[in-house]
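Novice: File name coords_7.cif; file contents mmCIF, C-alpha atoms (C1' of nucleotides); full text below.
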data_entry
#
loop_
_atom_site.label_atom_id
_atom_site.label_comp_id
_atom_site.auth_asym_id
_atom_site.auth_seq_id
_atom_site.Cartn_x
_atom_site.Cartn_y
_atom_site.Cartn_z
CA MET A 1 103.55 133.60 101.02
CA ILE A 2 106.56 135.75 100.18
CA GLU A 3 109.07 135.60 97.31
CA TRP A 4 112.87 135.41 97.45
CA SER A 5 115.35 137.01 95.04
CA PRO A 6 118.16 134.90 93.52
CA GLU A 7 120.60 136.76 95.78
CA LYS A 8 118.59 135.91 98.85
CA ILE A 9 118.42 132.25 97.79
CA LYS A 10 122.21 132.14 97.44
CA GLY A 11 122.63 133.74 100.84
CA PHE A 12 120.28 131.25 102.42
CA GLN A 13 122.06 128.26 100.89
CA LYS A 14 125.41 129.56 102.11
CA ALA A 15 124.23 130.25 105.65
CA LEU A 16 122.46 126.90 105.89
CA LEU A 17 125.29 124.78 104.46
CA ASN A 18 127.99 126.59 106.42
CA TRP A 19 126.07 125.89 109.58
CA TYR A 20 125.54 122.27 108.55
CA ASP A 21 129.21 121.75 107.80
CA GLN A 22 130.11 122.86 111.31
CA ASN A 23 127.19 121.41 113.26
CA LYS A 24 125.69 118.42 111.48
CA ARG A 25 124.69 115.54 113.71
CA ASP A 26 127.04 112.56 113.78
CA LEU A 27 124.67 109.73 112.88
CA PRO A 28 125.54 106.12 111.98
CA TRP A 29 123.83 106.34 108.57
CA ARG A 30 125.87 109.39 107.68
CA VAL A 31 129.23 107.59 107.50
CA ASP A 32 128.74 107.34 103.74
CA HIS A 33 126.12 107.92 101.02
CA ASP A 34 125.43 104.27 100.25
CA PRO A 35 121.82 104.09 98.99
CA TYR A 36 121.21 101.00 101.11
CA HIS A 37 122.23 102.86 104.24
CA VAL A 38 120.23 105.93 103.28
CA TRP A 39 117.18 103.83 102.43
CA ILE A 40 117.13 101.73 105.64
CA SER A 41 117.59 104.80 107.82
CA GLU A 42 114.87 106.76 106.01
CA ILE A 43 112.34 103.96 106.37
CA MET A 44 113.15 103.54 110.07
CA LEU A 45 112.94 107.28 110.63
CA GLN A 46 109.39 107.54 109.29
CA GLN A 47 107.29 108.88 112.17
CA THR A 48 110.08 107.82 114.53
CA GLN A 49 112.59 109.86 116.50
CA VAL A 50 116.31 109.73 115.69
CA GLN A 51 117.34 108.55 119.15
CA THR A 52 114.93 105.64 118.87
CA VAL A 53 116.23 104.60 115.45
CA ILE A 54 119.98 104.60 116.17
CA PRO A 55 120.21 101.25 118.02
CA TYR A 56 117.76 99.61 115.64
CA TYR A 57 119.79 100.78 112.65
CA GLN A 58 123.03 99.47 114.10
CA ARG A 59 121.56 96.05 114.87
CA PHE A 60 119.89 95.93 111.47
CA MET A 61 123.14 96.54 109.60
CA LYS A 62 124.87 93.73 111.48
CA LEU A 63 122.00 91.35 110.68
CA PHE A 64 121.45 92.46 107.07
CA PRO A 65 124.61 94.19 105.80
CA THR A 66 123.53 94.24 102.15
CA VAL A 67 120.33 94.49 100.13
CA GLY A 68 120.93 90.94 98.93
CA GLN A 69 121.03 89.55 102.43
CA LEU A 70 117.88 91.46 103.33
CA ALA A 71 116.16 90.03 100.26
CA LYS A 72 116.75 86.44 101.35
CA ALA A 73 116.28 86.92 105.10
CA ASP A 74 113.67 85.05 107.13
CA GLU A 75 110.68 87.32 107.63
CA SER A 76 110.44 86.22 111.27
CA VAL A 77 114.03 87.37 111.86
CA LEU A 78 113.32 90.63 110.09
CA LEU A 79 110.22 91.35 112.15
CA LYS A 80 112.09 90.45 115.34
CA ALA A 81 114.70 93.05 114.38
CA TRP A 82 111.86 95.54 113.85
CA GLU A 83 110.13 94.66 117.15
CA GLY A 84 109.24 97.83 119.02
CA LEU A 85 109.64 100.21 116.09
CA GLY A 86 105.98 100.03 115.13
CA TYR A 87 104.31 100.46 111.75
CA TYR A 88 105.39 96.92 110.98
CA SER A 89 104.27 97.03 107.35
CA ARG A 90 107.42 99.10 106.87
CA ALA A 91 109.50 95.97 107.54
CA ARG A 92 107.46 93.85 105.12
CA HIS A 93 107.69 96.52 102.41
CA LEU A 94 111.42 96.69 103.08
CA GLN A 95 111.95 93.07 102.14
CA THR A 96 109.59 93.35 99.17
CA ALA A 97 111.65 96.29 97.90
CA ALA A 98 114.93 94.46 98.51
CA ARG A 99 113.67 91.65 96.29
CA GLN A 100 112.57 94.19 93.69
CA ILE A 101 116.09 95.59 93.59
CA VAL A 102 117.68 92.15 93.30
CA THR A 103 115.29 90.75 90.71
CA ASP A 104 113.60 93.62 88.84
CA TYR A 105 116.64 95.88 88.83
CA GLY A 106 119.39 93.26 88.69
CA GLY A 107 120.91 94.50 91.91
CA GLN A 108 121.37 98.02 90.52
CA TRP A 109 119.60 100.83 92.35
CA PRO A 110 117.16 102.93 90.35
CA GLN A 111 118.31 106.54 90.58
CA THR A 112 115.29 108.46 89.35
CA ILE A 113 112.42 109.63 91.52
CA ASP A 114 109.97 107.45 89.61
CA GLY A 115 112.27 104.45 89.77
CA LEU A 116 112.74 104.84 93.50
CA LYS A 117 109.02 105.32 94.06
CA SER A 118 108.39 102.02 92.30
CA LEU A 119 110.01 100.32 95.30
CA SER A 120 107.59 99.01 97.90
CA GLY A 121 107.26 101.36 100.85
CA VAL A 122 109.13 104.21 99.13
CA GLY A 123 106.93 107.27 98.75
CA PRO A 124 107.56 110.85 97.66
CA TYR A 125 109.62 111.83 100.69
CA THR A 126 111.86 108.76 100.83
CA ALA A 127 112.42 108.80 97.07
CA GLY A 128 113.51 112.42 97.32
CA ALA A 129 115.78 111.68 100.25
CA ILE A 130 117.54 108.77 98.52
CA ALA A 131 117.79 110.62 95.20
CA SER A 132 119.32 113.69 96.80
CA ILE A 133 121.53 112.11 99.47
CA ALA A 134 122.74 108.99 97.67
CA PHE A 135 122.60 110.17 94.04
CA ASN A 136 123.16 113.92 94.37
CA GLN A 137 120.00 114.90 92.53
CA PRO A 138 118.49 118.37 93.22
CA VAL A 139 115.06 117.14 94.31
CA PRO A 140 113.07 118.07 97.41
CA ALA A 141 112.48 115.69 100.34
CA VAL A 142 109.42 117.02 102.13
CA ASP A 143 109.14 115.55 105.60
CA GLY A 144 107.77 117.04 108.79
CA ASN A 145 110.92 119.10 109.24
CA ALA A 146 110.68 120.61 105.77
CA PHE A 147 107.02 121.43 106.34
CA ARG A 148 107.83 123.18 109.58
CA VAL A 149 110.96 125.01 108.42
CA PHE A 150 109.65 126.29 105.09
CA SER A 151 106.20 127.18 106.41
CA ARG A 152 107.96 129.58 108.80
CA LEU A 153 110.56 130.88 106.35
CA PHE A 154 107.91 131.73 103.74
CA LYS A 155 104.88 132.13 105.99
CA ILE A 156 103.01 129.41 104.11
CA ASP A 157 99.57 128.99 105.65
CA ALA A 158 98.46 125.88 103.73
CA ASP A 159 97.36 123.03 106.01
CA ILE A 160 100.30 120.60 106.14
CA ALA A 161 97.97 117.81 107.26
CA LYS A 162 96.38 117.75 103.81
CA PRO A 163 98.13 115.53 101.24
CA GLN A 164 97.79 118.13 98.49
CA THR A 165 99.93 120.62 100.42
CA ARG A 166 103.12 118.66 99.78
CA HIS A 167 103.11 119.76 96.13
CA LEU A 168 103.23 123.42 97.14
CA PHE A 169 106.23 122.83 99.40
CA GLU A 170 107.98 120.81 96.70
CA LYS A 171 107.70 123.80 94.37
CA VAL A 172 109.09 126.16 96.98
CA ILE A 173 112.00 123.86 97.82
CA GLN A 174 112.71 123.16 94.16
CA ASN A 175 113.34 126.89 93.83
CA VAL A 176 115.73 127.25 96.75
CA ILE A 177 117.54 123.91 96.95
CA SER A 178 121.30 123.87 96.39
CA ARG A 179 122.11 122.47 92.95
CA ASP A 180 125.62 121.66 94.12
CA ARG A 181 124.80 119.93 97.40
CA PRO A 182 121.14 118.86 97.35
CA GLY A 183 121.63 115.98 99.78
CA ASP A 184 123.37 118.16 102.33
CA PHE A 185 120.74 120.85 101.80
CA ASN A 186 117.87 118.46 102.57
CA GLN A 187 119.67 117.01 105.58
CA ALA A 188 120.52 120.47 106.85
CA ILE A 189 116.82 121.35 106.78
CA MET A 190 116.16 118.24 108.85
CA ASP A 191 118.85 119.10 111.39
CA LEU A 192 117.51 122.63 111.56
CA GLY A 193 113.97 121.38 112.07
CA ALA A 194 115.18 119.09 114.83
CA SER A 195 117.01 121.87 116.68
CA TYR A 196 116.48 125.63 116.38
CA MET A 197 113.27 125.25 114.42
CA SER A 198 111.67 122.43 116.40
CA ALA A 199 107.93 122.06 116.75
CA LYS A 200 107.88 122.87 120.46
CA ASN A 201 109.93 125.60 122.08
CA PRO A 202 111.88 126.66 118.99
CA ASP A 203 115.07 128.67 119.56
CA THR A 204 114.85 130.80 116.45
CA VAL A 205 116.82 133.67 117.96
CA HIS A 206 119.91 131.46 117.69
CA SER A 207 119.01 129.94 114.33
CA PRO A 208 121.69 130.27 111.62
CA VAL A 209 119.00 131.34 109.15
CA LYS A 210 116.88 133.52 111.41
CA GLN A 211 117.23 136.49 109.05
CA PHE A 212 115.46 134.38 106.41
CA ASP A 213 112.65 133.35 108.77
CA GLN A 214 109.82 135.72 107.88
CA ALA A 215 107.48 134.31 110.51
CA TYR A 216 110.14 134.94 113.16
CA LEU A 217 110.93 138.42 111.83
CA ASP A 218 107.22 139.26 112.00
CA GLY A 219 106.85 137.77 115.47
CA GLU A 220 104.42 135.17 114.13
CA GLU A 221 106.38 131.93 114.26
CA ASP A 222 103.83 130.44 116.61
CA LYS A 223 101.33 130.59 113.74
CA TYR A 224 103.32 128.16 111.60
CA PRO A 225 103.00 125.51 110.43
CA VAL A 226 99.24 125.42 109.99
CA LYS A 227 98.12 121.89 110.80
CA SER A 228 94.58 120.62 111.32
CA LYS A 229 94.01 118.44 114.36
CA LYS A 230 93.69 114.69 114.36
CA LYS A 231 90.79 112.76 115.72
CA ARG A 232 91.13 111.16 119.11
CA PRO A 233 91.42 107.38 119.36
CA VAL A 234 88.25 105.38 119.85
CA GLN A 235 88.07 102.97 122.77
CA VAL A 236 87.74 99.28 122.00
CA ASN A 237 87.17 96.70 124.70
CA TYR A 238 88.60 93.19 124.40
CA PHE A 239 88.87 89.97 126.30
CA GLY A 240 92.34 88.47 126.05
CA LEU A 241 92.67 84.71 126.40
CA ILE A 242 95.77 83.19 128.01
CA ILE A 243 95.40 79.54 127.02
CA HIS A 244 98.04 77.03 127.97
CA SER A 245 98.88 73.36 127.76
CA SER A 246 101.96 71.20 128.04
CA LYS A 247 102.83 72.46 124.54
CA GLY A 248 103.00 76.06 125.67
CA PHE A 249 100.64 78.97 125.08
CA LEU A 250 98.09 79.29 122.31
CA PHE A 251 98.82 82.18 119.93
CA GLU A 252 96.41 83.43 117.31
CA GLN A 253 97.58 84.71 113.93
CA ARG A 254 96.01 88.08 113.28
CA PRO A 255 94.44 88.82 109.88
CA SER A 256 96.57 90.00 106.96
CA ASP A 257 95.04 93.47 107.12
CA GLY A 258 94.40 95.97 109.86
CA ILE A 259 96.36 96.81 112.97
CA LEU A 260 99.18 94.43 113.93
CA SER A 261 98.44 92.32 110.86
CA HIS A 262 100.08 88.86 110.71
CA PHE A 263 101.21 89.09 114.33
CA LEU A 264 100.97 86.12 116.67
CA MET A 265 99.16 87.20 119.84
CA PHE A 266 97.11 85.86 122.68
CA PRO A 267 93.60 85.46 121.19
CA LEU A 268 91.48 88.58 121.49
CA ILE A 269 87.69 88.82 121.46
CA LYS A 270 85.94 92.11 120.96
CA ALA A 271 83.62 92.73 123.89
CA ASP A 272 80.85 94.19 121.75
CA GLU A 273 80.92 91.15 119.48
CA LEU A 274 80.40 89.04 122.55
CA ASP A 275 77.43 91.21 123.45
CA ASN A 276 76.05 90.76 119.95
CA GLN A 277 76.27 87.02 120.29
CA LYS A 278 74.06 87.32 123.34
CA ARG A 279 71.76 89.56 121.30
CA SER A 280 71.72 91.96 124.16
CA VAL A 281 72.41 95.66 124.33
CA GLN A 282 72.98 95.54 128.04
CA LYS A 283 76.27 94.44 129.48
CA ILE A 284 76.43 90.77 130.30
CA SER A 285 77.54 89.27 133.59
CA SER A 286 80.87 87.63 134.30
CA ASP A 287 79.32 84.17 134.24
CA GLU A 288 77.66 84.93 130.93
CA ILE A 289 80.97 86.15 129.50
CA ILE A 290 82.71 82.92 130.40
CA ASP A 291 79.79 80.86 129.15
CA THR A 292 79.59 82.76 125.86
CA ILE A 293 83.34 82.55 125.19
CA PHE A 294 83.29 78.83 125.95
CA GLN A 295 80.40 78.18 123.57
CA SER A 296 81.87 80.44 120.92
CA TRP A 297 85.14 78.49 120.90
CA VAL A 298 83.29 75.20 120.67
CA SER A 299 81.22 76.31 117.71
CA THR A 300 83.89 78.35 115.93
CA TYR A 301 87.07 76.35 116.53
CA GLN A 302 85.72 73.06 117.93
CA LEU A 303 87.91 73.61 120.98
CA GLN A 304 86.81 73.00 124.57
CA LEU A 305 88.42 75.39 127.04
CA ILE A 306 88.95 73.99 130.51
CA ASP A 307 88.73 76.02 133.71
CA LEU A 308 88.07 79.26 131.82
CA ALA A 309 88.25 82.06 134.39
CA PHE A 310 89.17 85.72 134.80
CA VAL A 311 92.77 86.52 135.63
CA ASP A 312 92.90 88.37 138.91
CA SER A 313 94.60 91.53 137.69
CA GLN A 314 93.93 94.97 136.37
CA LYS A 315 92.90 95.46 132.78
CA VAL A 316 95.64 95.87 130.21
CA SER A 317 95.49 99.25 128.52
CA HIS A 318 97.22 100.24 125.31
CA THR A 319 96.77 103.30 123.11
CA PHE A 320 97.51 103.28 119.39
CA THR A 321 97.23 106.28 117.10
CA HIS A 322 93.56 105.60 116.34
CA GLN A 323 92.45 103.08 118.95
CA LYS A 324 92.56 102.73 122.69
CA TRP A 325 92.36 99.11 123.80
CA GLN A 326 91.13 97.94 127.19
CA ILE A 327 91.78 94.25 127.62
CA THR A 328 90.33 92.02 130.33
CA LEU A 329 92.41 88.86 130.72
CA LEU A 330 91.02 85.38 131.08
CA GLU A 331 92.93 82.15 131.56
CA ALA A 332 92.17 78.60 130.49
CA THR A 333 93.78 75.29 129.73
CA LEU A 334 93.34 73.21 126.63
CA PRO A 335 94.43 69.60 126.08
CA SER A 336 97.77 69.58 124.27
CA ASN A 337 96.40 67.10 121.75
CA SER A 338 93.55 69.42 120.76
CA ASP A 339 92.90 69.62 117.03
CA LEU A 340 93.82 73.14 115.90
CA SER A 341 92.61 72.60 112.31
CA TYR A 342 89.89 75.22 112.67
CA PHE A 343 91.97 77.66 114.69
CA PRO A 344 94.22 80.25 112.95
CA GLY A 345 97.18 79.87 115.27
CA LYS A 346 99.52 77.52 117.06
CA TRP A 347 101.11 76.50 120.34
CA VAL A 348 104.21 78.48 121.29
CA PRO A 349 106.47 77.13 124.04
CA GLN A 350 107.45 79.79 126.53
CA ASP A 351 111.14 79.31 125.80
CA GLN A 352 110.46 80.36 122.21
CA PHE A 353 108.75 83.67 123.06
CA SER A 354 112.01 85.51 122.54
CA THR A 355 112.19 84.36 118.91
CA ILE A 356 108.80 85.84 118.01
CA ALA A 357 108.14 89.53 117.45
CA PHE A 358 105.84 90.72 120.23
CA SER A 359 103.76 93.81 119.78
CA LYS A 360 103.78 96.17 122.72
CA VAL A 361 100.25 95.22 123.74
CA GLN A 362 101.14 91.52 123.59
CA SER A 363 104.09 92.18 125.91
CA LYS A 364 101.77 94.01 128.28
CA MET A 365 99.34 91.10 128.38
CA TRP A 366 102.15 88.67 129.08
CA ALA A 367 103.60 90.88 131.80
CA ALA A 368 100.19 91.34 133.40
CA TYR A 369 99.54 87.61 133.34
CA GLN A 370 102.93 86.81 134.83
CA GLN A 371 103.08 89.45 137.47
CA LYS A 372 99.41 89.99 138.15
CA ILE A 373 100.09 93.68 138.58
CA PRO A 374 98.62 96.74 136.84
CA LYS A 375 100.01 97.46 133.40
CA THR A 376 99.41 100.64 131.46
CA ASN A 377 101.30 102.62 128.88
"C1'" DT B 1 90.89 112.25 99.97
"C1'" DA B 2 90.80 110.83 104.47
"C1'" DA B 3 91.64 107.12 107.29
"C1'" DT B 4 94.82 103.86 108.77
"C1'" DC B 5 99.05 102.10 110.64
"C1'" DG B 6 102.85 101.54 116.46
"C1'" DT B 7 105.62 103.24 119.66
"C1'" DG B 8 108.15 106.35 122.77
"C1'" DG B 9 108.82 110.88 124.56
"C1'" DG B 10 107.31 115.28 126.14
"C1'" DT B 11 104.04 118.65 128.25
"C1'" DT C 1 94.96 112.57 131.46
"C1'" DA C 2 94.89 113.72 127.13
"C1'" DC C 3 97.18 115.37 123.56
"C1'" DC C 4 100.91 116.33 120.40
"C1'" DC C 5 104.91 115.14 118.02
"C1'" DA C 6 108.57 112.24 115.59
"C1'" DA C 7 113.32 111.94 108.51
"C1'" DG C 8 105.46 109.01 105.85
"C1'" DA C 9 103.31 105.32 102.92
"C1'" DT C 10 99.38 102.94 101.57
"C1'" DT C 11 94.71 102.29 100.20
#
Represent the structure of the file as structure tokens.
Specialist:
Amino acid sequence: MIEWSPEKIKGFQKALLNWYDQNKRDLPWRVDHDPYHVWISEIMLQQTQVQTVIPYYQRFMKLFPTVGQLAKADESVLLKAWEGLGYYSRARHLQTAARQIVTDYGGQWPQTIDGLKSLSGVGPYTAGAIASIAFNQPVPAVDGNAFRVFSRLFKIDADIAKPQTRHLFEKVIQNVISRDRPGDFNQAIMDLGASYMSAKNPDTVHSPVKQFDQAYLDGEEDKYPVKSKKKRPVQVNYFGLIIHSSKGFLFEQRPSDGILSHFLMFPLIKADELDNQKRSVQKISSDEIIDTIFQSWVSTYQLQLIDLAFVDSQKVSHTFTHQKWQITLLEATLPSNSDLSYFPGKWVPQDQFSTIAFSKVQSKMWAAYQQKIPKTN
DNA sequence: TAATCGTGGGT
DNA sequence: TACCCAAGATT
């Protein structure tokens, strides 16, 4: 890693902020520096592209214009507004934090890094972003853009995939951030990282700070940032049960932890658990699958599925960050007066589907069941 | 610490 | 396809 003189730091700040003043992106959360606006946008933007967030942000602000209204909102309405954004715990943390602000902080925003980090779902990056943008504090906001930009400027070869590395970047940024315009400085880095200094096909030759980009000057920008590779998703096979009655379709409430926690979905059964119930390592036949599911539901939920059969369609496939699901659909009916006391779910009439937040994979199952055509992502 | 948590877009 | 990336936080 290289060092910069005070003169070089001043020159960098000037070049960066001059460029930002002329070329900053016109984004809906940049109309002011309201901490509520900054906060909502930063949470939505976590691991999510700007163009995806824009319509969600605009709808969100119409639904929940203030932190107080977010605090007292129905969680089902909130999750419906978040539908499709993913990482749904962000939405739950959002409301938890809104209630923290209203109750713990008397409606007044904490303005320190530690105070902001005490809010649910607000970590080091988001706290830095709010503190600098909304409260004009000279603190770093180390996101993926900052990692990429500063690793190239300073030729930092620390692995940005390791949590510890953030501290190193915070020290570097603390030394070069504009004391006069910290919020604009951090946002300028983000705009730079999203344009001339993007991850793929960077256009450094036209970058406003190319003369400060040591990796570029040395012809080594393709070496930065250093980032270790992620593991590939593991495949998990499921059977998905489309169960209907005159009351609608049977939805199962997923557990409070793990992927898609709390979501209502068509009941899913892990294929290997079904195999275990048969105490067999070998794959079981179609008849045995139906028989085993039927008996499992009788013993577990005291529910008797009628006409349980495979849906004549391709498997539903969906890939998450760490899991690849392959779902084989089955269909059954259940008497509408069935006792659901032992079942963690409820009947949902079809005309109420639009009021419930569907995960992407749930939407795929429903589409496959309705259309009986192949569905993949 | 390393693993986990969704989805859409691009190559 | 398979893989990577996108304004990260939590446990």
Novice: Calculate, to one decimal in Å, the centre and edge lengths of the box along x, y and z of the file that holds all listed atoms of chain B with 8 Å of margin on each side, and present them as lines of an AutoDock Vina configuration file.
Specialist:
center_x = 99.8
center_y = 110.1
center_z = 114.1
size_x = 34.0
size_y = 33.1
size_z = 44.3
Novice: May I have the residues at most 12 Å from (97.0, 116.6, 122.0) in the file's coordinates, counting only C-alpha atoms (C1' of nucleotides), as a list in words?
Specialist: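 All residues meeting the 12 Å criterion around (97.0, 116.6, 122.0) are Ser228, Lys229, Lys230, Lys231, Arg232, Pro233 and Thr321 of chain A; DG10 and DT11 of chain B; DT1, DA2, DC3, DC4 and DC5 of chain C.
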Novice: Would you output that residue set with C-alpha atoms (C1' of nucleotides), as a PDB file, keeping the file's coordinate frame?
Specialist:
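Below is the file result23.pdb, written as the result:
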ATOM      1  CA  SER A 228      94.580 120.620 111.320  1.00  0.00           C
ATOM      2  CA  LYS A 229      94.010 118.440 114.360  1.00  0.00           C
ATOM      3  CA  LYS A 230      93.690 114.690 114.360  1.00  0.00           C
ATOM      4  CA  LYS A 231      90.790 112.760 115.720  1.00  0.00           C
ATOM      5  CA  ARG A 232      91.130 111.160 119.110  1.00  0.00           C
ATOM      6  CA  PRO A 233      91.420 107.380 119.360  1.00  0.00           C
ATOM      7  CA  THR A 321      97.230 106.280 117.100  1.00  0.00           C
TER       8      THR A 321
ATOM      9  C1'  DG B  10     107.310 115.280 126.140  1.00  0.00           C
ATOM     10  C1'  DT B  11     104.040 118.650 128.250  1.00  0.00           C
TER      11       DT B  11
ATOM     12  C1'  DT C   1      94.960 112.570 131.460  1.00  0.00           C
ATOM     13  C1'  DA C   2      94.890 113.720 127.130  1.00  0.00           C
ATOM     14  C1'  DC C   3      97.180 115.370 123.560  1.00  0.00           C
ATOM     15  C1'  DC C   4     100.910 116.330 120.400  1.00  0.00           C
ATOM     16  C1'  DC C   5     104.910 115.140 118.020  1.00  0.00           C
TER      17       DC C   5
END
Novice: Starting from chain B, keep only residues with some atom at most 8 Å from an atom of chain A, counting only C-alpha atoms (C1' of nucleotides), and report them as a PDB file with C-alpha atoms (C1' of nucleotides), in the coordinates of the input.
Specialist:
ATOM      1  C1'  DT B   4      94.820 103.860 108.770  1.00  0.00           C
ATOM      2  C1'  DC B   5      99.050 102.100 110.640  1.00  0.00           C
ATOM      3  C1'  DG B   6     102.850 101.540 116.460  1.00  0.00           C
ATOM      4  C1'  DT B   7     105.620 103.240 119.660  1.00  0.00           C
ATOM      5  C1'  DG B   8     108.150 106.350 122.770  1.00  0.00           C
TER       6       DG B   8
END
Novice: What are the residues of chain C that have an atom within 8 Å of an atom of chain A, counting only C-alpha atoms (C1' of nucleotides), as a ChimeraX atom specification?
Specialist: /C:5-9
Novice: Please compute the atom CA of A:Ala15-atom CA of A:Ala188 distance, one decimal, in Å.
Specialist: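 These atoms are spaced 10.5 Å apart.
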